[in-house]
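Working notes, structure below.
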Amino acid sequence: MIGERISRHTVFLLSIIVIGIFIGLGIVDPVLLGRVSSFLYDHIIEYFGWWFLLAAFFLLIFSIALAFSRYGDIRLGRDDEKPQYSYFGWISMLFAAGMGIGLIFWGVSEPLVHYIDPPQFLTPETAEAAAFSMRYSFFHWGLHPWAVYIVMGLSIAYFSFRRGMAPLISSCFYPLLGDRIFGAAGHLIDILAVFATIFGIATSLGLGALQIHSGLSTLYGIPGTIEWTIGIIGIATVFFMASSIVGLDRGIQTLSKLNIIIATLLLLFILVLGPTAYILNVFTSTIGTYANSILELSLQSYPFSGYTWIRTWTLFYWAWWISWSPFVGLFIARISRGRTIREFVLGVLALPTVFTFLWFSVFGGSAFHLQFQEGIDIAAGVAADPSIALFTLFEHYPLAPLLSFIAILLLFVFFVTSADSATFILGSLTYGGRELVPVSRKLLWGAIQSTTAIILLVTGGLLALQQMAITAALPFTGVLILLCVNLLRGLSEEEFDKDAES
Amino acid sequence: MSRNEKKRTILESVSLLRTLGVESIHLLHVAEPGPDRIAWLQSMEKAMTGACPCTVDHEIESGHVATVISSLAEEKKVDFIYMEGHRRSFLFTAFLGSTTRDVIRLTRIPAFVRRSRPELPPPGSDACLFASVLVATDFGEAAQRAIPYARQLARQGCRIHLLHVHQRAADPHTNARRFERGERRLKELADDLRSEAPSVETHHITGNADQVILRFAETQATDLIVIGRFNAPPGWNITGSTAERVVDQAQSSLLLVP
């Protein structure tokens, strides 16, 4: 009924055209694409960085306040519904979609890179720089990205499961826009989401393949030619297509659970065999300084000294999380049916964050232990090439080849789950929000993702495309704030109509 | 009344008050007392007594204008507070405030605010003073208290526009049901009023309450808006309640029922 009113094809066709234009430009004139995207990206980060900080902080406060408000008991579904996925499955999938691959990549390297190259008011390679780098690693991967995802995911889940609308970002705008969501305004929001998702996932695929490739080169000495990278994308494509044909419940869920188990084992292995007490000291003290300075971290852009550093790191991350939010938001909404708002917010906010903190403490902490306690200069090599950081760390542990192999496996599976969930989301977004998207449509999106990644890898437009994806952060920050308004409108009227009916 | 009101408008308002069936008028001027003020007020009282067969007395008080007005009104157990009001721009009221608005917020007594409409009929004409009256309702408690006044006006032969502003719900399904419910209740209320007087029209419009009411009042050039106060939806409202915003902007006279 309502689904039929949304013209599925408008969003689909327009998205394809827009994507085609950008990719065409990437093939014909990658330099021009690079110029356009870096112009947009630089200006957005330069002029709206403060706005990203404010918005993300606001979204964090908003989600926590919502969880503890009287709306916290409202269920994302009918009042008597039960959660569709077990806690374990839910958290695994959350984690795989939201971070996964990035965490493996940055777990060792981010603390070390900040340690070598902190903002200009800190002296590099000091204990102070190390504490700073741990604190900022926690901050960049901690509560804020999840708060952004929560607002997006919660709005979509609320309006689709409780209010019976199609799971699209445009649906959440009904309280403000009314029937206009079925027209141009709604289409624009959805196309923007497709745009950010496809470009984001294509660059992730490209960069992820490069990382797997560099890992394989370091370990097994395979040649560093581009054919190998393309081959890796090809193999991953086969896997994620297969997983997406199998469907979300068995495909992504199984892979995500598998990955969480492997990641936890890896974490425990390093924790037990590494400097356990040292790592746990890093964990507790960084939690302390993180908690103590969360207000400052949230809003600090170092305008007087160190602004370049904030631009390169914090503001980049914030823009990235925000432009990534339609995809992750849609996905976590899809897997959260039947949970209450309180459960949703606290679960999404706390559990992945704690795991992330542990991850950074274990991998960053053991790297710092090598650096400070054992006098092995691991940081210099890592700063030169962050993608090999994890493997460099493993060299100082027993069973290094096995650990590295497991890490590559993890990367690969996270890679497959991200691509798989993106395929699912893109299919659904361009099919009026339906859950059962024809396999052909899913395969089409999968093919578009992979070919985009391959084409841009060859022409060298991958980073340009990433910057393009991030430009979507600017409109989406506005969308996220408006989603809060819509959500509050919806929630505040929960009782109103029920009372009036009775 | 305030010092800068013209004698002519005050006398005009007396004839308006007469048509409203007023029997006794208390003039109130809030200022620092001074001899010329008393003399001015006495001359006004005399002029008004001449124009109207009702009792007139006067009072000068000092203090916060709106507070004095509302507390004296309660003390004297008046039936309604009558004020001349000027239509003000949003910015003007935002910075300088408006006494009318303050009184409306403070008092628990119905308030009549006179604006440029209706124009007074020539003396001796018995045409209905309020040719067209807008009664806005959200079916809330406050709105129900305004209905007896609407009924009275309907009996006097005024044309009643019964308006319900539909607020969009959070999803299309609930929205459709809410709209239907609004239609039904509007019809019930109209049928009830029609039993007294036939000229009742209903209007059901989607939008922001204050904007819809104002736009409707202007396009229909209504003479009077009857509205219940404190109908603000749950939660706070930074720009004031619907009634307050309508008071600032409307060009028709207003009857605000608390």
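Identifiers in the structure tokens: chain A, B, ... in order shown; residue index from 1 per chain; ligand index from 1 in order shown.
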Selection: 10 Å around Pro118 (chain B), only C-alpha atoms, excl. self and same-chain fewer than 3 positions, as a PDB file with C-alpha atoms, in the first residue's frame:
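Saved the output as out.pdb:
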ATOM      1  CA  LEU B  16     -19.051  48.072  21.299  1.00  0.00           C
ATOM      2  CA  ARG B 114     -10.134  44.712  20.273  1.00  0.00           C
ATOM      3  CA  ARG B 115      -8.385  45.073  16.946  1.00  0.00           C
ATOM      4  CA  PRO B 121     -21.785  49.832  12.564  1.00  0.00           C
ATOM      5  CA  LEU B 129     -21.639  43.351  15.153  1.00  0.00           C
ATOM      6  CA  PHE B 130     -19.568  40.224  14.596  1.00  0.00           C
ATOM      7  CA  ALA B 131     -20.680  39.177  11.147  1.00  0.00           C
ATOM      8  CA  SER B 132     -18.283  36.288  11.007  1.00  0.00           C
ATOM      9  CA  ALA B 221     -11.782  38.610   7.168  1.00  0.00           C
ATOM     10  CA  THR B 222     -13.377  37.365  10.346  1.00  0.00           C
ATOM     11  CA  ASP B 223     -14.430  39.924  12.932  1.00  0.00           C
ATOM     12  CA  LEU B 224     -13.755  37.858  16.000  1.00  0.00           C
ATOM     13  CA  GLN B 251      -6.217  41.740  12.934  1.00  0.00           C
ATOM     14  CA  SER B 252      -9.615  40.601  14.094  1.00  0.00           C
ATOM     15  CA  SER B 253     -10.731  41.089  17.650  1.00  0.00           C
TER      16      SER B 253
END
Tell me, counting only C-alpha atoms, for each residue of chain B within 8 Å of chain A, which pair of atoms is nearest and how far apart they are in Å to one decimal, in rows ordered by chain and increasing number, as JSON lines.
{"residue": "B:Arg168", "atom": "CA", "partner": "A:Pro175", "partner_atom": "CA", "distance": 6.5}
{"residue": "B:Ala169", "atom": "CA", "partner": "A:Pro175", "partner_atom": "CA", "distance": 6.2}
{"residue": "B:Ala170", "atom": "CA", "partner": "A:Pro175", "partner_atom": "CA", "distance": 4.7}
{"residue": "B:Asp171", "atom": "CA", "partner": "A:Arg163", "partner_atom": "CA", "distance": 5.9}
{"residue": "B:Pro172", "atom": "CA", "partner": "A:Tyr174", "partner_atom": "CA", "distance": 7.7}
{"residue": "B:Thr174", "atom": "CA", "partner": "A:Asp497", "partner_atom": "CA", "distance": 7.6}
{"residue": "B:Arg178", "atom": "CA", "partner": "A:Asp497", "partner_atom": "CA", "distance": 7.2}
Requested in this report: Mind checking which residues fall within 8 Å of Pro30 (chain A), counting only C-alpha atoms, ignoring those fewer than 4 positions away in the same chain, and posting them as a list in words?
Outcome: Leu25, Gly26, Gly34, Thr459, Gly460 and Gly461 of chain A
Mind writing the picked residues with N, CA, C and O atoms as a PDB file, in the first residue's frame?
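Once written, selection24.pdb looks like this:
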ATOM      1  N   LEU A  25      33.703   9.975 -14.719  1.00  0.00           N
ATOM      2  CA  LEU A  25      34.711  11.012 -14.531  1.00  0.00           C
ATOM      3  C   LEU A  25      36.011  10.411 -14.005  1.00  0.00           C
ATOM      4  O   LEU A  25      37.107  10.808 -14.412  1.00  0.00           O
ATOM      5  N   GLY A  26      35.856   9.422 -13.102  1.00  0.00           N
ATOM      6  CA  GLY A  26      37.033   8.760 -12.546  1.00  0.00           C
ATOM      7  C   GLY A  26      37.833   8.025 -13.605  1.00  0.00           C
ATOM      8  O   GLY A  26      39.051   7.894 -13.500  1.00  0.00           O
ATOM      9  N   GLY A  34      39.803  14.135  -8.826  1.00  0.00           N
ATOM     10  CA  GLY A  34      40.591  14.378  -7.624  1.00  0.00           C
ATOM     11  C   GLY A  34      40.526  15.837  -7.202  1.00  0.00           C
ATOM     12  O   GLY A  34      40.373  16.148  -6.025  1.00  0.00           O
ATOM     13  N   THR A 459      42.674   3.380 -12.067  1.00  0.00           N
ATOM     14  CA  THR A 459      42.904   4.758 -12.502  1.00  0.00           C
ATOM     15  C   THR A 459      43.495   5.615 -11.392  1.00  0.00           C
ATOM     16  O   THR A 459      43.937   6.729 -11.636  1.00  0.00           O
ATOM     17  N   GLY A 460      43.456   5.124 -10.167  1.00  0.00           N
ATOM     18  CA  GLY A 460      44.035   5.887  -9.070  1.00  0.00           C
ATOM     19  C   GLY A 460      43.084   6.912  -8.487  1.00  0.00           C
ATOM     20  O   GLY A 460      43.508   7.888  -7.881  1.00  0.00           O
ATOM     21  N   GLY A 461      41.776   6.708  -8.667  1.00  0.00           N
ATOM     22  CA  GLY A 461      40.813   7.675  -8.142  1.00  0.00           C
ATOM     23  C   GLY A 461      40.199   7.266  -6.819  1.00  0.00           C
ATOM     24  O   GLY A 461      39.190   7.827  -6.396  1.00  0.00           O
TER      25      GLY A 461
END
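Proximity to Leu154 (chain A) was assessed for A:Ile45, A:Leu216, A:Leu248, A:Ile74 counting only C-alpha atoms; the smallest distance is recorded for A:Ile74.
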Query raised in the report: In Å to one decimal, how far is CA of Leu162 (chain B) from CA of Thr202 (chain B)?
Result: 4.7 Å
Requested in this report: Within 12 Å of Tyr87 (chain A), counting only C-alpha atoms, which residues show up once you throw out same-chain ones fewer than 2 positions away? Write them as a list in words, please.
Outcome: Lys82, Pro83, Gln84, Tyr85, Gly89, Trp90, Ile91, Ser92, Met93, Leu94, Gln253, Lys257, Ile335, Ser336, Gly338, Arg339, Glu343, Phe344, Gly347, Val348 and Leu351 of chain A
Query raised in the report: Please, which residues of region 48-247 of chain B, numbered as in this document, come out alpha helix (DSSP H) from DSSP, as a PyMOL selection string?
Result: chain B and resi 48-51+65-75+90-96+99-106+141-155+172-194+209-219+242-247
Report task. Would you mind listing what lies within 8 Å of Ser37 (chain A) as an NGL selection string, with only C-alpha atoms counted and same-chain residues fewer than 4 positions away left out? Result -> :A and (33 or 41 or 464-465 or 467-468)
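Every protein or nucleic acid residue with an atom no more than 10 Å from Glu84 (chain B), counting only C-alpha atoms and leaving out same-chain residues fewer than 5 positions away, appears here: B:Met1, B:Ser2, B:Glu5, B:Thr9, B:Ile10, B:Ser13, B:Thr100, B:Phe112, B:Val113, B:Arg114, B:Arg115, B:Ser116, B:Ser253.
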Requested in this report: Can you pull out every residue within 8 Å of Ser109 (chain A), counting only C-alpha atoms, but drop anything in the same chain fewer than 5 positions away, and send it as JSON, numbers by chain?
Outcome: {"A": [364, 382, 383, 386, 387, 389, 390]}
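CA of Leu11 (chain B) lies 22.6 Å from CA of Leu72 (chain B).
The residue that comes closest to Ser15 (chain B), out of B:Glu119, B:Glu141, B:Glu59, B:Glu244 and on the basis of only C-alpha atoms, is B:Glu119.
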Query raised in the report: Smallest atom-to-atom distance to Gln249 (chain B): which of B:Gln167, B:Arg101, B:Thr49, B:Leu189, using only C-alpha atoms?
Result: B:Arg101
